[in-house]
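Undergrad: Before we start, here is the structure in question, set down as structure tokens.
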Amino acid sequence: MRHPPVVGTDAIGGAELAEIEALYRLRLPAFRRVARGILGDAEAARDAVQEAFAQAVRKRQSFRGDGSLEGWVWRSVVNAARMQRRAAEIRLTQPLAEASELAVNGHQPDPDLRVRAVVAALPERQRLVLFLRYYADLDYATISEALEISAGTVAATLSSARSSLRPLLQEVPE
């Protein structure tokens, strides 16, 4: 489901507090899903989203309106999650090699664990583009704003990620 971007500025420049609040209420689950994908932990994701929105409120006057408010806030959420991940040294999942060795009592490992491990093995930019496209249902323009890359780079990165995942995921039992 596509959501209309929340865009606008107040008379003196910047974003209005009401617009940030409306975006928060409208898209909070998506912001948390993406942050959780980056961090691998629901509590840490809530903290990162909270910090990103607090920062957006504090720095709302710096929003220039060059792009959408949603793209500007997504950039803040992604950066907050990435900084928190680095600071805490949280690993997304187990490495792919370890996940494939998790057979218990002769049974195959949980396919969800394997998928998470395969996604975690992607380069960071590919993971972020996947999360923003499929966890947040963002269009290429908003992803490009959030990650500060061109829409063409978003398309190429998403294509590369899909190509990398395709052979690895063909092995996952249904």
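The chains in the structure tokens are called A, B, ... from first to last as shown; in each chain the residues are counted from 1, and the ligands are counted from 1 in the order shown.
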Tell me which protein, DNA and RNA residues are within 10 Å of segment 150-156 of chain A, counting only C-alpha atoms, leaving out same-chain ones fewer than 3 positions away, and put them as a tab-separated table (two decimals) with N, CA, C and O atoms, in the first residue's frame.
TA:
```tsv
chain	number	residue	atom	x	y	z
A	125	ARG	N	24.49	-1.23	1.62
A	125	ARG	CA	23.60	-0.44	0.76
A	125	ARG	C	22.49	-1.31	0.20
A	125	ARG	O	21.33	-0.90	0.14
A	126	GLN	N	22.81	-2.53	-0.22
A	126	GLN	CA	21.79	-3.43	-0.76
A	126	GLN	C	20.76	-3.77	0.32
A	126	GLN	O	19.56	-3.79	0.04
A	128	LEU	N	19.94	-1.95	2.95
A	128	LEU	CA	19.13	-0.77	3.23
A	128	LEU	C	18.08	-0.53	2.15
A	128	LEU	O	16.92	-0.24	2.46
A	129	VAL	N	18.47	-0.68	0.89
A	129	VAL	CA	17.51	-0.50	-0.20
A	129	VAL	C	16.41	-1.55	-0.11
A	129	VAL	O	15.22	-1.24	-0.27
A	130	LEU	N	16.77	-2.80	0.16
A	130	LEU	CA	15.75	-3.85	0.33
A	130	LEU	C	14.80	-3.52	1.47
A	130	LEU	O	13.58	-3.65	1.33
A	133	ARG	N	12.51	-0.60	0.52
A	133	ARG	CA	11.57	-0.95	-0.54
A	133	ARG	C	10.50	-1.92	-0.06
A	133	ARG	O	9.32	-1.74	-0.30
A	139	ASP	N	8.81	4.28	-2.49
A	139	ASP	CA	9.13	4.35	-3.91
A	139	ASP	C	10.61	4.71	-4.07
A	139	ASP	O	11.28	5.10	-3.12
A	140	TYR	N	11.10	4.59	-5.30
A	140	TYR	CA	12.53	4.82	-5.55
A	140	TYR	C	12.94	6.25	-5.20
A	140	TYR	O	14.04	6.47	-4.70
A	141	ALA	N	12.09	7.22	-5.47
A	141	ALA	CA	12.43	8.62	-5.19
A	141	ALA	C	12.63	8.85	-3.69
A	141	ALA	O	13.58	9.52	-3.28
A	142	THR	N	11.76	8.28	-2.87
A	142	THR	CA	11.88	8.46	-1.42
A	142	THR	C	13.10	7.71	-0.89
A	142	THR	O	13.80	8.21	-0.01
A	143	ILE	N	13.36	6.53	-1.43
A	143	ILE	CA	14.56	5.78	-1.03
A	143	ILE	C	15.80	6.58	-1.40
A	143	ILE	O	16.74	6.68	-0.59
A	144	SER	N	15.80	7.18	-2.58
A	144	SER	CA	16.98	7.95	-2.99
A	144	SER	C	17.20	9.14	-2.07
A	144	SER	O	18.34	9.47	-1.74
A	145	GLU	N	16.12	9.79	-1.63
A	145	GLU	CA	16.24	10.89	-0.67
A	145	GLU	C	16.77	10.39	0.67
A	145	GLU	O	17.65	11.01	1.27
A	147	LEU	N	18.55	7.75	1.41
A	147	LEU	CA	19.93	7.26	1.39
A	147	LEU	C	20.90	8.21	0.70
A	147	LEU	O	22.10	7.92	0.62
A	159	SER	N	18.31	-4.23	-7.99
A	159	SER	CA	18.51	-5.30	-8.96
A	159	SER	C	19.68	-6.20	-8.55
A	159	SER	O	19.59	-7.43	-8.61
A	160	SER	N	20.77	-5.59	-8.10
A	160	SER	CA	21.93	-6.37	-7.65
A	160	SER	C	21.59	-7.21	-6.43
A	160	SER	O	22.00	-8.37	-6.33
A	161	ALA	N	20.83	-6.63	-5.51
A	161	ALA	CA	20.44	-7.38	-4.31
A	161	ALA	C	19.58	-8.58	-4.68
A	161	ALA	O	19.80	-9.69	-4.19
A	162	ARG	N	18.63	-8.36	-5.56
A	162	ARG	CA	17.77	-9.48	-6.01
A	162	ARG	C	18.60	-10.55	-6.69
A	162	ARG	O	18.39	-11.75	-6.46
```
Undergrad: Can you list, as a PyMOL selection string, every protein, DNA or RNA residue that comes within 12 Å of segment 45-61 of chain A when you count only C-alpha atoms, leaving out same-chain residues fewer than 5 positions away?
TA: chain A and resi 8-25+27-40+69-85+87-88+90+92
Undergrad: What gap, in Å, lies between atom CA of Phe131 of chain A and atom CA of Gly67 of chain A?
TA: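 Separation of atom CA of Phe131 of chain A and atom CA of Gly67 of chain A: 20.4 Å.
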Undergrad: Per DSSP on the backbone, what are the alpha helix (DSSP H) residues of segment 13-155 of chain A, as a PyMOL selection string?
TA: chain A and resi 17-39+42-58+69-88+96-99+111-120+124-130+140-147+151-155
Undergrad: Distance atom CA of Leu122 of chain A-atom CA of Leu165 of chain A, one decimal place?
TA: 8.3 Å
